[in-house]
$ cat upload_16.tsv   # TSV, C-alpha atoms
chain	number	residue	atom	x	y	z
A	1	MET	CA	101.26	143.37	77.49
A	2	GLN	CA	103.90	145.08	79.62
A	3	ASP	CA	107.48	143.83	79.48
A	4	PRO	CA	108.99	142.52	82.71
A	5	LEU	CA	112.00	144.27	84.22
A	6	PRO	CA	115.44	142.81	83.56
A	7	GLY	CA	115.94	139.83	85.85
A	8	TYR	CA	112.21	139.17	86.01
A	9	ARG	CA	110.08	136.78	84.00
A	10	PRO	CA	106.38	137.16	83.13
A	11	LEU	CA	103.82	135.10	85.05
A	12	THR	CA	102.58	132.03	83.23
A	13	PRO	CA	98.81	131.91	82.46
A	14	GLU	CA	98.43	129.30	85.25
A	15	GLU	CA	100.20	131.56	87.75
A	16	GLU	CA	97.97	134.49	86.74
A	17	ARG	CA	94.85	132.33	87.14
A	18	ARG	CA	95.96	131.20	90.61
A	19	ARG	CA	96.80	134.73	91.67
A	20	ARG	CA	93.36	135.92	90.57
A	21	LYS	CA	91.71	133.12	92.55
A	22	ARG	CA	93.84	133.93	95.62
A	23	SER	CA	92.88	137.60	95.33
A	24	ILE	CA	89.18	136.72	95.20
A	25	ALA	CA	89.59	134.39	98.23
A	26	ILE	CA	91.36	137.13	100.22
A	27	ALA	CA	88.62	139.62	99.30
A	28	LEU	CA	85.93	137.17	100.44
A	29	ALA	CA	87.82	136.48	103.70
A	30	LEU	CA	88.11	140.21	104.41
A	31	GLY	CA	84.41	140.66	103.65
A	32	ALA	CA	83.59	137.80	106.03
A	33	MET	CA	85.69	139.45	108.75
A	34	VAL	CA	83.81	142.72	108.32
A	35	LEU	CA	80.53	140.83	108.58
A	36	ILE	CA	81.75	138.95	111.68
A	37	PHE	CA	82.71	142.19	113.45
A	38	PHE	CA	79.38	143.80	112.48
A	39	VAL	CA	77.36	140.82	113.78
A	40	LEU	CA	79.50	140.67	116.94
A	41	THR	CA	78.91	144.35	117.63
A	42	ILE	CA	75.16	144.01	117.25
A	43	ALA	CA	75.08	140.77	119.28
A	44	LYS	CA	77.15	142.16	122.15
A	45	LEU	CA	75.84	145.70	122.33
A	46	GLY	CA	72.33	145.12	121.02
A	47	PRO	CA	70.46	146.94	118.26
A	48	GLN	CA	70.46	150.14	120.36
A	49	VAL	CA	74.03	150.69	119.21
A	50	LEU	CA	72.53	151.97	115.94
A	51	ASN	CA	70.09	154.30	117.73
A	52	ARG	CA	72.19	157.35	118.53
A	53	PRO	CA	72.11	161.02	117.68
A	54	LEU	CA	74.11	161.97	114.61
B	1	MET	CA	107.13	149.85	79.33
B	2	THR	CA	108.16	147.67	82.26
B	3	SER	CA	106.05	146.09	84.97
B	4	LEU	CA	106.53	144.29	88.28
B	5	THR	CA	102.89	143.39	88.77
B	6	ASN	CA	102.80	140.54	86.28
B	7	SER	CA	106.31	139.22	86.75
B	8	LEU	CA	108.49	137.28	89.14
B	9	PRO	CA	112.25	137.37	89.77
B	10	VAL	CA	113.98	134.81	87.56
B	11	GLY	CA	114.91	131.84	89.75
B	12	ALA	CA	111.99	132.31	92.14
B	13	GLU	CA	110.70	128.87	91.31
B	14	ALA	CA	108.79	126.58	93.62
B	15	GLN	CA	110.97	124.62	96.02
B	16	GLY	CA	109.06	121.52	96.95
B	17	PHE	CA	110.34	118.31	98.44
B	18	ALA	CA	109.54	115.84	95.71
B	19	HIS	CA	108.78	116.70	92.09
B	20	ALA	CA	108.05	120.38	92.44
B	21	PRO	CA	106.27	122.02	89.53
B	22	SER	CA	107.74	125.27	88.30
B	23	ILE	CA	104.49	127.18	89.01
B	24	VAL	CA	104.88	129.72	91.81
B	25	GLY	CA	101.99	130.39	94.20
B	26	GLY	CA	99.43	127.89	95.46
B	27	ASP	CA	95.87	127.40	94.30
B	28	VAL	CA	92.99	128.20	96.70
B	29	PRO	CA	92.02	124.52	97.31
B	30	ASP	CA	95.65	123.83	98.26
B	31	TYR	CA	95.45	126.41	101.04
B	32	PHE	CA	92.19	124.88	102.19
B	33	ALA	CA	93.84	121.43	102.26
B	34	LEU	CA	96.54	122.86	104.58
B	35	LEU	CA	93.81	123.35	107.22
B	36	LYS	CA	93.04	119.60	107.39
B	37	PRO	CA	89.31	120.11	106.74
B	38	ARG	CA	88.26	116.70	108.05
B	39	VAL	CA	89.93	117.44	111.39
B	40	MET	CA	88.19	120.83	111.40
B	41	VAL	CA	84.80	119.12	111.05
B	42	LEU	CA	85.59	116.88	114.05
B	43	VAL	CA	86.72	119.89	116.06
B	44	ILE	CA	83.50	121.79	115.29
B	45	PHE	CA	81.50	118.73	116.28
B	46	THR	CA	83.25	118.08	119.61
B	47	ALA	CA	83.37	121.79	120.53
B	48	LEU	CA	79.63	122.04	119.79
B	49	VAL	CA	78.98	119.14	122.16
B	50	GLY	CA	81.12	120.90	124.78
B	51	MET	CA	78.86	123.92	124.32
B	52	VAL	CA	75.55	122.07	124.62
B	53	VAL	CA	76.50	120.14	127.76
B	54	SER	CA	77.39	123.40	129.50
B	55	HIS	CA	75.10	125.09	131.93
B	56	GLY	CA	74.61	128.47	130.37
B	57	HIS	CA	73.31	130.40	127.43
B	58	VAL	CA	75.15	132.01	124.60
B	59	ASN	CA	73.84	134.28	121.86
B	60	PRO	CA	73.51	132.02	118.76
B	61	ALA	CA	75.50	134.47	116.62
B	62	ILE	CA	78.32	134.60	119.17
B	63	GLY	CA	78.18	130.81	119.51
B	64	ALA	CA	78.41	130.31	115.74
B	65	ILE	CA	81.29	132.79	115.36
B	66	SER	CA	83.09	131.15	118.29
B	67	LEU	CA	82.70	127.71	116.72
B	68	LEU	CA	84.05	129.08	113.44
B	69	MET	CA	87.07	130.55	115.22
B	70	ILE	CA	87.74	127.30	117.09
B	71	ALA	CA	87.66	125.52	113.72
B	72	VAL	CA	89.95	128.10	112.10
B	73	GLY	CA	92.37	127.86	115.03
B	74	ALA	CA	92.42	124.06	114.71
B	75	GLY	CA	92.99	124.44	110.96
B	76	ALA	CA	95.82	126.88	111.61
B	77	SER	CA	97.55	124.39	113.92
B	78	GLY	CA	97.14	121.73	111.22
B	79	CYS	CA	98.71	124.11	108.72
B	80	LEU	CA	101.69	124.75	111.03
B	81	ASN	CA	101.99	120.99	111.54
B	82	MET	CA	102.14	120.46	107.76
B	83	TRP	CA	104.75	123.21	107.45
B	84	TRP	CA	106.97	121.61	110.09
B	85	ASP	CA	106.45	118.00	108.99
B	86	ALA	CA	106.82	118.53	105.23
B	87	ASP	CA	110.06	116.53	105.16
B	88	ILE	CA	108.52	113.42	106.74
B	89	ASP	CA	105.23	113.89	104.86
B	90	ALA	CA	107.23	113.60	101.63
B	91	VAL	CA	108.51	110.17	102.68
B	92	MET	CA	105.16	108.59	103.59
B	93	THR	CA	102.74	107.60	100.80
B	94	ARG	CA	99.72	108.61	102.94
B	95	THR	CA	100.95	112.20	103.14
B	96	ALA	CA	103.24	112.66	100.11
B	97	LYS	CA	100.48	114.34	98.11
B	98	ARG	CA	99.94	117.09	100.69
B	99	PRO	CA	100.42	120.59	99.22
B	100	ILE	CA	103.91	121.30	100.61
B	101	PRO	CA	105.71	118.01	99.87
B	102	ASP	CA	103.99	117.93	96.48
B	103	GLY	CA	105.43	121.39	95.70
B	104	ARG	CA	102.05	123.10	95.25
B	105	ILE	CA	102.63	125.49	98.17
B	106	GLN	CA	105.92	126.88	99.41
B	107	PRO	CA	106.81	126.19	103.08
B	108	GLY	CA	107.08	129.92	103.78
B	109	GLU	CA	103.58	130.52	102.40
B	110	ALA	CA	102.17	127.81	104.69
B	111	LEU	CA	103.99	129.22	107.73
B	112	ALA	CA	102.65	132.73	107.09
B	113	PHE	CA	99.15	131.37	106.45
B	114	GLY	CA	99.17	129.28	109.63
B	115	LEU	CA	100.51	132.06	111.85
B	116	THR	CA	98.04	134.62	110.47
B	117	LEU	CA	95.07	132.33	111.04
B	118	SER	CA	96.33	131.36	114.52
B	119	VAL	CA	96.61	134.95	115.73
B	120	GLY	CA	93.38	136.01	114.00
B	121	SER	CA	91.28	133.14	115.34
B	122	VAL	CA	92.50	133.60	118.93
B	123	LEU	CA	91.90	137.36	118.89
B	124	ILE	CA	88.43	137.12	117.36
B	125	LEU	CA	87.44	134.31	119.78
B	126	GLY	CA	88.60	136.50	122.68
B	127	LEU	CA	86.54	139.43	121.43
B	128	ALA	CA	83.51	137.29	120.58
B	129	ALA	CA	83.35	135.01	123.63
B	130	ASN	CA	85.88	135.51	126.41
B	131	TRP	CA	89.62	135.40	126.98
B	132	LEU	CA	89.55	132.07	128.82
B	133	ALA	CA	88.25	130.42	125.64
B	134	ALA	CA	90.78	132.35	123.55
B	135	GLY	CA	93.61	131.36	125.90
B	136	LEU	CA	92.58	127.70	125.68
B	137	LEU	CA	92.51	127.93	121.87
B	138	ALA	CA	95.98	129.53	121.86
B	139	PHE	CA	97.22	126.78	124.18
B	140	THR	CA	95.75	124.13	121.87
B	141	ILE	CA	97.46	125.62	118.81
B	142	VAL	CA	100.83	125.92	120.58
B	143	PHE	CA	100.51	122.46	122.09
B	144	TYR	CA	99.77	120.84	118.71
B	145	ALA	CA	102.19	122.84	116.58
B	146	VAL	CA	105.12	123.17	119.00
B	147	ILE	CA	104.89	120.54	121.76
B	148	TYR	CA	103.52	117.73	119.59
B	149	SER	CA	104.77	118.47	116.06
B	150	MET	CA	108.15	119.99	116.79
B	151	TRP	CA	109.09	117.96	119.84
B	152	LEU	CA	107.12	114.86	120.85
B	153	LYS	CA	106.35	113.43	117.41
B	154	ARG	CA	109.98	112.71	116.54
B	155	ALA	CA	111.20	112.17	120.11
B	156	THR	CA	109.11	109.57	121.92
B	157	PRO	CA	106.67	106.69	121.27
B	158	GLN	CA	104.37	108.47	123.74
B	159	ASN	CA	103.98	111.21	121.09
B	160	ILE	CA	100.30	110.66	120.33
B	161	VAL	CA	99.49	109.88	123.99
B	162	ILE	CA	100.61	113.30	125.23
B	163	GLY	CA	99.89	115.07	121.94
B	164	GLY	CA	96.33	113.72	122.11
B	165	ALA	CA	95.61	116.47	124.63
B	166	ALA	CA	95.47	118.98	121.77
B	167	GLY	CA	92.75	117.01	119.98
B	168	ALA	CA	90.85	116.56	123.25
B	169	LEU	CA	90.61	120.25	124.13
B	170	PRO	CA	87.83	121.51	121.78
B	171	PRO	CA	84.96	120.47	124.13
B	172	VAL	CA	86.72	122.36	126.93
B	173	ILE	CA	86.97	125.47	124.72
B	174	GLY	CA	83.30	125.02	123.82
B	175	GLN	CA	82.28	125.00	127.47
B	176	ALA	CA	84.48	128.04	128.17
B	177	VAL	CA	82.69	129.90	125.35
B	178	VAL	CA	79.26	129.26	126.86
B	179	SER	CA	79.87	129.40	130.60
B	180	GLY	CA	83.10	131.36	130.87
B	181	THR	CA	84.58	128.54	132.91
B	182	VAL	CA	85.70	124.92	132.67
B	183	GLY	CA	83.42	122.38	134.33
B	184	ILE	CA	83.40	118.67	135.05
B	185	GLU	CA	81.36	118.00	131.87
B	186	SER	CA	84.03	119.17	129.45
B	187	ILE	CA	86.82	117.68	131.57
B	188	VAL	CA	85.16	114.27	131.23
B	189	LEU	CA	84.78	114.77	127.47
B	190	PHE	CA	88.45	115.78	127.34
B	191	LEU	CA	89.42	112.58	129.17
B	192	ILE	CA	87.30	110.42	126.86
B	193	ILE	CA	89.02	111.80	123.73
B	194	PHE	CA	92.42	111.71	125.47
B	195	ILE	CA	92.15	108.02	126.41
B	196	TRP	CA	90.53	107.19	123.04
B	197	THR	CA	93.45	108.62	121.05
B	198	PRO	CA	96.18	105.99	121.73
B	199	PRO	CA	94.19	102.88	120.73
B	200	HIS	CA	92.81	104.77	117.73
B	201	PHE	CA	96.20	105.85	116.36
B	202	TRP	CA	98.14	102.76	117.39
B	203	ALA	CA	95.70	100.57	115.43
B	204	LEU	CA	96.65	102.58	112.33
B	205	ALA	CA	100.33	102.58	113.33
B	206	LEU	CA	100.33	98.77	113.46
B	207	VAL	CA	99.39	98.71	109.78
B	208	LYS	CA	101.60	101.63	108.75
B	209	ALA	CA	104.63	100.69	110.89
B	210	GLY	CA	106.86	100.37	107.82
B	211	GLU	CA	105.95	103.86	106.64
B	212	TYR	CA	106.60	105.41	110.04
B	213	ALA	CA	109.94	103.58	110.25
B	214	LYS	CA	110.90	104.92	106.81
B	215	ALA	CA	110.10	108.45	107.99
B	216	GLY	CA	111.95	107.91	111.28
B	217	ILE	CA	108.94	108.56	113.51
B	218	PRO	CA	109.15	106.57	116.77
B	219	MET	CA	105.59	105.25	116.83
B	220	MET	CA	104.84	102.64	119.49
B	221	PRO	CA	104.94	99.57	117.15
B	222	ASN	CA	108.37	100.65	115.86
B	223	VAL	CA	109.85	101.22	119.31
B	224	ALA	CA	108.14	98.82	121.73
B	225	GLY	CA	107.15	96.30	119.06
B	226	PRO	CA	103.72	95.26	117.75
B	227	GLN	CA	103.03	92.84	120.60
B	228	SER	CA	103.52	95.48	123.28
B	229	THR	CA	101.41	97.92	121.22
B	230	ARG	CA	98.55	95.42	120.99
B	231	ARG	CA	98.68	94.90	124.75
B	232	GLN	CA	98.59	98.65	125.36
B	233	ILE	CA	95.65	99.02	122.97
B	234	VAL	CA	93.74	96.55	125.17
B	235	TYR	CA	94.76	98.39	128.38
B	236	TYR	CA	93.66	101.76	127.06
B	237	THR	CA	90.39	100.30	125.78
B	238	LEU	CA	89.76	98.75	129.21
B	239	LEU	CA	90.10	102.27	130.62
B	240	LEU	CA	88.05	103.86	127.86
B	241	ALA	CA	84.96	101.63	128.00
B	242	PRO	CA	83.96	102.54	131.60
B	243	LEU	CA	85.19	106.12	131.19
B	244	GLY	CA	82.82	106.46	128.23
B	245	LEU	CA	79.95	105.88	130.67
B	246	ALA	CA	81.08	108.58	133.12
B	247	PRO	CA	78.62	111.19	131.72
B	248	VAL	CA	75.75	108.89	132.78
B	249	PHE	CA	76.99	108.74	136.38
B	250	LEU	CA	77.63	112.47	136.42
B	251	GLY	CA	74.09	113.16	135.23
B	252	PHE	CA	74.64	114.84	131.87
B	253	GLY	CA	74.37	111.63	129.84
B	254	GLY	CA	70.89	110.12	129.68
B	255	LEU	CA	69.38	106.80	128.67
B	256	LEU	CA	70.27	107.10	124.97
B	257	TYR	CA	73.86	107.94	125.86
B	258	ALA	CA	74.01	105.06	128.34
B	259	ILE	CA	72.92	102.56	125.68
B	260	VAL	CA	75.30	103.95	123.05
B	261	GLY	CA	78.18	104.16	125.55
B	262	ALA	CA	77.66	100.62	126.84
B	263	LEU	CA	77.30	98.99	123.42
B	264	GLY	CA	80.07	101.11	121.91
B	265	GLY	CA	82.39	100.30	124.81
B	266	LEU	CA	81.72	96.57	124.37
B	267	GLY	CA	82.38	96.96	120.63
B	268	MET	CA	85.69	98.71	121.32
B	269	LEU	CA	86.72	95.92	123.71
B	270	ALA	CA	85.77	93.27	121.15
B	271	PHE	CA	87.82	94.98	118.44
B	272	SER	CA	90.81	95.42	120.76
B	273	VAL	CA	90.73	91.69	121.57
B	274	GLN	CA	90.66	90.96	117.83
B	275	VAL	CA	93.74	93.17	117.40
B	276	PHE	CA	95.44	91.30	120.27
B	277	ARG	CA	94.60	87.87	118.87
B	278	HIS	CA	95.42	88.33	115.18
B	279	ARG	CA	99.13	88.91	114.95
B	280	ALA	CA	100.08	88.05	111.39
B	281	GLY	CA	99.10	88.34	107.76
B	282	GLU	CA	95.89	89.70	106.35
B	283	ALA	CA	93.94	88.95	109.56
B	284	GLU	CA	96.24	91.26	111.54
B	285	LYS	CA	95.74	94.09	109.08
B	286	ARG	CA	91.96	93.54	108.96
B	287	ALA	CA	91.69	93.54	112.77
B	288	ALA	CA	93.77	96.71	113.14
B	289	MET	CA	91.89	98.61	110.43
B	290	GLY	CA	88.60	97.38	111.91
B	291	MET	CA	89.64	98.81	115.28
B	292	PHE	CA	90.71	102.07	113.66
B	293	ALA	CA	87.41	102.49	111.78
B	294	PHE	CA	85.22	101.42	114.71
B	295	SER	CA	87.00	103.79	117.09
B	296	ILE	CA	85.98	106.72	114.86
B	297	LEU	CA	82.38	105.48	114.82
B	298	TYR	CA	82.44	104.97	118.61
B	299	LEU	CA	83.54	108.52	119.38
B	300	PHE	CA	81.13	109.94	116.80
B	301	LEU	CA	78.20	108.03	118.31
B	302	LEU	CA	79.09	109.00	121.89
B	303	PHE	CA	79.17	112.69	121.03
B	304	SER	CA	76.12	112.43	118.75
B	305	ALA	CA	74.14	110.89	121.61
B	306	LEU	CA	75.08	113.78	123.91
B	307	LEU	CA	74.21	116.27	121.17
B	308	ALA	CA	70.83	114.62	120.57
B	309	GLU	CA	70.04	114.49	124.29
B	310	GLN	CA	71.12	117.98	125.22
B	311	GLY	CA	70.46	119.75	121.92
B	312	LEU	CA	67.28	118.04	120.71
B	313	GLY	CA	65.64	117.41	124.08
B	314	LEU	CA	65.97	113.61	123.98
B	315	PHE	CA	67.45	113.48	127.48
B	316	ARG	CA	65.87	110.85	129.72
B	317	PRO	CA	67.65	110.55	133.08
B	318	VAL	CA	69.07	107.23	134.18
B	319	THR	CA	68.15	106.51	137.78
B	320	PHE	CA	70.29	104.38	140.05
B	321	ALA	CA	68.34	102.58	142.77
$ encode --input "upload_16.tsv" --output "structure tokens"
Amino acid sequence: MQDPLPGYRPLTPEEERRRRKRSIAIALALGAMVLIFFVLTIAKLGPQVLNRPL
Amino acid sequence: MTSLTNSLPVGAEAQGFAHAPSIVGGDVPDYFALLKPRVMVLVIFTALVGMVVSHGHVNPAIGAISLLMIAVGAGASGCLNMWWDADIDAVMTRTAKRPIPDGRIQPGEALAFGLTLSVGSVLILGLAANWLAAGLLAFTIVFYAVIYSMWLKRATPQNIVIGGAAGALPPVIGQAVVSGTVGIESIVLFLIIFIWTPPHFWALALVKAGEYAKAGIPMMPNVAGPQSTRRQIVYYTLLLAPLGLAPVFLGFGGLLYAIVGALGGLGMLAFSVQVFRHRAGEAEKRAAMGMFAFSILYLFLLFSALLAEQGLGLFRPVTFA
């Protein structure tokens, strides 16, 4: 395990567990936002938005 | 080798209001609790009714995303309310276990969380539905977090009367999502919730007067006295009972709604009379808590009837000869 810098203390196991859970929740929220914007785009512009020349 | 990723500055301990644990950083359920999930459910429900009574059509995906954003915006305003009121929440037993006064979440974390969700929900609602709905949601958040929480709540016994407007707005936002405008239907639903709020909260305040006094909140029983509060509960209920039937006369409440509204209104009047009559001891507390509980059921049944009629096709018009 890495040593903390002077003036810093290591996270407790409980703090590490909570940080991991917060990170997962943030990832899920970001994923949900991506999904929301995708669905909104399709709903507002219609499926034709995908049918375009590349 | 040194690392900053798994360490914290010494002294960066949690700073709660009561018995703060030394753990830094909240748990995910604590953040969820900041959003007042039960209020969010009510907001989704009343906004959905505002949507179904509207004349118009909305893409189901856009409708669902809009409802979600209305709920998130309401949760964000609840979060900002908890951030601001953490000092008085710590004093009252009903609220002392909330995440901030209990030291599970830092006030600054709650403020950042609430502001982020407020801005995000308003922007996404504007993009998904329209900017009238987004503006109404922004107004609701500001009204609840700033006008009610920061000003009215600690300043006047009319706090929940005026502040009730924030809780009454979701049906109006719902109608704005569907029709892009605000019509008589959602204005009537707004008025029903607005007039319902004082007797609902004052019934609870009669029982919890000691707690509110300890926290220094000028609720009506603490300022005007319990007798005046009981009288005002009856007055507001006398207004509410006929107002609850307004959708029938305006044509968007059918037979089912008329029956529920009439019986529910009579029930509310009966409970308010009980509150007025029983002024001491266990009977007083039972009457007030009965009024509080029945008022929740009354509002739920009114909105459920509208939802069933407009959403499930159970609408049967009431004709007036």
$ residues_around --input "upload_16.tsv" --residues "B:Tyr236" --least-positions-apart "3" --cutoff "9 Å" --atoms "only C-alpha atoms" --output "MDAnalysis selection string"
chainID B and resid 195:196 198:199 231:233 239:241
$ residues_around --input "upload_16.tsv" --residues "stretch 117-126 of chain B" --least-positions-apart "6" --cutoff "7 Å" --atoms "only C-alpha atoms" --output "PyMOL selection string"
chain B and resi 66+69+72-73+76+133-134+137-138
$ atom_distance --input "upload_16.tsv" --atom1 "atom CA of B:Phe143" --atom2 "atom CA of B:Tyr235"
25.5 Å
$ residues_near_point --input "upload_16.tsv" --point "(100.5, 114.2, 119.8)" --cutoff "7 Å" --atoms "only C-alpha atoms" --output "JSON, numbers by chain"
{"B": [144, 148, 152, 153, 159, 160, 161, 162, 163, 164]}
$ atom_distance --input "upload_16.tsv" --atom1 "atom CA of B:Thr140" --atom2 "atom CA of B:Gly26"
26.9 Å
$ residues_around --input "upload_16.tsv" --residues "A:Ser23" --least-positions-apart "4" --cutoff "12 Å" --atoms "all atoms listed in the file" --output "ChimeraX atom specification"
/A:16-19,27-30 /B:25-28
$ atom_distance --input "upload_16.tsv" --atom1 "atom CA of B:Ala166" --atom2 "atom CA of B:Val146"
10.9 Å
$ closest_atom_pairs --input "upload_16.tsv" --of "chain A" --to "chain B" --cutoff "9 Å" --atoms "only C-alpha atoms" --output "tab-separated table"
residue	atom	partner	partner_atom	distance
A:Met1	CA	B:Met1	CA	8.9
A:Gln2	CA	B:Thr2	CA	5.6
A:Asp3	CA	B:Thr2	CA	4.8
A:Pro4	CA	B:Ser3	CA	5.1
A:Leu5	CA	B:Thr2	CA	5.5
A:Pro6	CA	B:Thr2	CA	8.8
A:Gly7	CA	B:Val10	CA	5.7
A:Tyr8	CA	B:Pro9	CA	4.2
A:Arg9	CA	B:Ser7	CA	5.3
A:Pro10	CA	B:Ser7	CA	4.2
A:Leu11	CA	B:Ser7	CA	5.1
A:Thr12	CA	B:Ile23	CA	7.8
A:Glu14	CA	B:Ile23	CA	7.4
A:Glu15	CA	B:Ile23	CA	6.3
A:Glu16	CA	B:Asn6	CA	7.8
A:Arg17	CA	B:Asp27	CA	8.8
A:Arg18	CA	B:Asp27	CA	5.3
A:Arg19	CA	B:Gly25	CA	7.2
A:Lys21	CA	B:Val28	CA	6.6
A:Arg22	CA	B:Val28	CA	5.9
A:Ala25	CA	B:Val28	CA	7.2
A:Ile36	CA	B:Ile65	CA	7.2
A:Phe37	CA	B:Ile124	CA	8.6
A:Val39	CA	B:Ala61	CA	7.2
A:Leu40	CA	B:Ala128	CA	6.4
A:Thr41	CA	B:Ala128	CA	8.9
A:Ala43	CA	B:Ala61	CA	6.9
A:Lys44	CA	B:Ala128	CA	8.2
$ closest_residue --input "upload_16.tsv" --among "B:Ala283, B:Leu132, B:Ala270, B:Val91" --to "B:Ser179" --atoms "only C-alpha atoms"
B:Leu132
$ closest_residue --input "upload_16.tsv" --among "B:Met51, B:Gly135, B:His57, B:Arg154" --to "B:Asp85" --atoms "all atoms listed in the file"
B:Arg154
$ axis_aligned_box --input "upload_16.tsv" --around "stretch 15-20 of chain A" --padding-each-side "4 Å" --output "AutoDock Vina command-line options"
--center_x 96.8 --center_y 133.6 --center_z 89.2 --size_x 14.8 --size_y 12.7 --size_z 12.9
$ residues_near_point --input "upload_16.tsv" --point "(92.0, 123.4, 114.4)" --cutoff "12 Å" --atoms "only C-alpha atoms" --output "compact mmCIF listing (two decimals) with C-alpha atoms, keeping the file's coordinate frame"
# COMPACT_ATOMS: atom_id res chain seq x y z
CA LEU B 34 96.54 122.86 104.58
CA LEU B 35 93.81 123.35 107.22
CA LYS B 36 93.04 119.60 107.39
CA PRO B 37 89.31 120.11 106.74
CA ARG B 38 88.26 116.70 108.05
CA VAL B 39 89.93 117.44 111.39
CA MET B 40 88.19 120.83 111.40
CA VAL B 41 84.80 119.12 111.05
CA LEU B 42 85.59 116.88 114.05
CA VAL B 43 86.72 119.89 116.06
CA ILE B 44 83.50 121.79 115.29
CA PHE B 45 81.50 118.73 116.28
CA THR B 46 83.25 118.08 119.61
CA ALA B 47 83.37 121.79 120.53
CA LEU B 67 82.70 127.71 116.72
CA LEU B 68 84.05 129.08 113.44
CA MET B 69 87.07 130.55 115.22
CA ILE B 70 87.74 127.30 117.09
CA ALA B 71 87.66 125.52 113.72
CA VAL B 72 89.95 128.10 112.10
CA GLY B 73 92.37 127.86 115.03
CA ALA B 74 92.42 124.06 114.71
CA GLY B 75 92.99 124.44 110.96
CA ALA B 76 95.82 126.88 111.61
CA SER B 77 97.55 124.39 113.92
CA GLY B 78 97.14 121.73 111.22
CA CYS B 79 98.71 124.11 108.72
CA LEU B 80 101.69 124.75 111.03
CA ASN B 81 101.99 120.99 111.54
CA GLY B 114 99.17 129.28 109.63
CA LEU B 117 95.07 132.33 111.04
CA SER B 118 96.33 131.36 114.52
CA SER B 121 91.28 133.14 115.34
CA VAL B 122 92.50 133.60 118.93
CA LEU B 137 92.51 127.93 121.87
CA ALA B 138 95.98 129.53 121.86
CA PHE B 139 97.22 126.78 124.18
CA THR B 140 95.75 124.13 121.87
CA ILE B 141 97.46 125.62 118.81
CA VAL B 142 100.83 125.92 120.58
CA PHE B 143 100.51 122.46 122.09
CA TYR B 144 99.77 120.84 118.71
CA ALA B 145 102.19 122.84 116.58
CA ALA B 166 95.47 118.98 121.77
CA GLY B 167 92.75 117.01 119.98
CA ALA B 168 90.85 116.56 123.25
CA LEU B 169 90.61 120.25 124.13
CA PRO B 170 87.83 121.51 121.78
CA ILE B 173 86.97 125.47 124.72
$ closest_residue --input "upload_16.tsv" --among "B:Ala165, B:Ala90, B:Leu297, B:Ala155" --to "B:Ala215" --atoms "only C-alpha atoms"
B:Ala90
$ closest_residue --input "upload_16.tsv" --among "B:Gly261, B:Pro218, B:Gly244, B:Gly50" --to "B:Gly183" --atoms "all atoms listed in the file"
B:Gly50
$ closest_residue --input "upload_16.tsv" --among "B:Asn222, B:Ser295, B:Gln310, B:Asn130" --to "B:His200" --atoms "all atoms listed in the file"
B:Ser295
$ closest_residue --input "upload_16.tsv" --among "B:Ala33, B:Ala112, B:Met82, B:Val182" --to "B:Gly56" --atoms "all atoms listed in the file"
B:Val182
$ decode --input "upload_16.tsv" --residues "stretch 7-31 of chain A" --atoms "C-alpha atoms" --output "mmCIF file, in the first residue's frame"
data_model
loop_
_atom_site.group_PDB
_atom_site.id
_atom_site.type_symbol
_atom_site.label_atom_id
_atom_site.label_comp_id
_atom_site.auth_asym_id
_atom_site.auth_seq_id
_atom_site.Cartn_x
_atom_site.Cartn_y
_atom_site.Cartn_z
ATOM 1 C CA GLY A 7 -0.008 15.954 6.609
ATOM 2 C CA TYR A 8 -2.333 13.378 5.088
ATOM 3 C CA ARG A 9 -3.844 10.261 6.608
ATOM 4 C CA PRO A 10 -4.879 7.078 4.778
ATOM 5 C CA LEU A 11 -8.579 6.452 4.124
ATOM 6 C CA THR A 12 -10.225 4.043 6.525
ATOM 7 C CA PRO A 13 -11.686 0.834 4.988
ATOM 8 C CA GLU A 14 -15.193 2.312 5.488
ATOM 9 C CA GLU A 15 -14.216 5.510 3.667
ATOM 10 C CA GLU A 16 -12.756 3.471 0.797
ATOM 11 C CA ARG A 17 -15.931 1.372 0.582
ATOM 12 C CA ARG A 18 -18.106 4.501 0.478
ATOM 13 C CA ARG A 19 -15.920 6.131 -2.136
ATOM 14 C CA ARG A 20 -16.159 3.028 -4.326
ATOM 15 C CA LYS A 21 -19.954 3.033 -3.992
ATOM 16 C CA ARG A 22 -20.102 6.765 -4.811
ATOM 17 C CA SER A 23 -17.933 6.190 -7.874
ATOM 18 C CA ILE A 24 -20.235 3.416 -9.100
ATOM 19 C CA ALA A 25 -23.305 5.644 -8.494
ATOM 20 C CA ILE A 26 -21.725 8.516 -10.447
ATOM 21 C CA ALA A 27 -20.857 6.145 -13.307
ATOM 22 C CA LEU A 28 -24.441 4.856 -13.397
ATOM 23 C CA ALA A 29 -25.820 8.422 -13.332
ATOM 24 C CA LEU A 30 -23.566 9.431 -16.228
ATOM 25 C CA GLY A 31 -24.626 6.329 -18.153
#
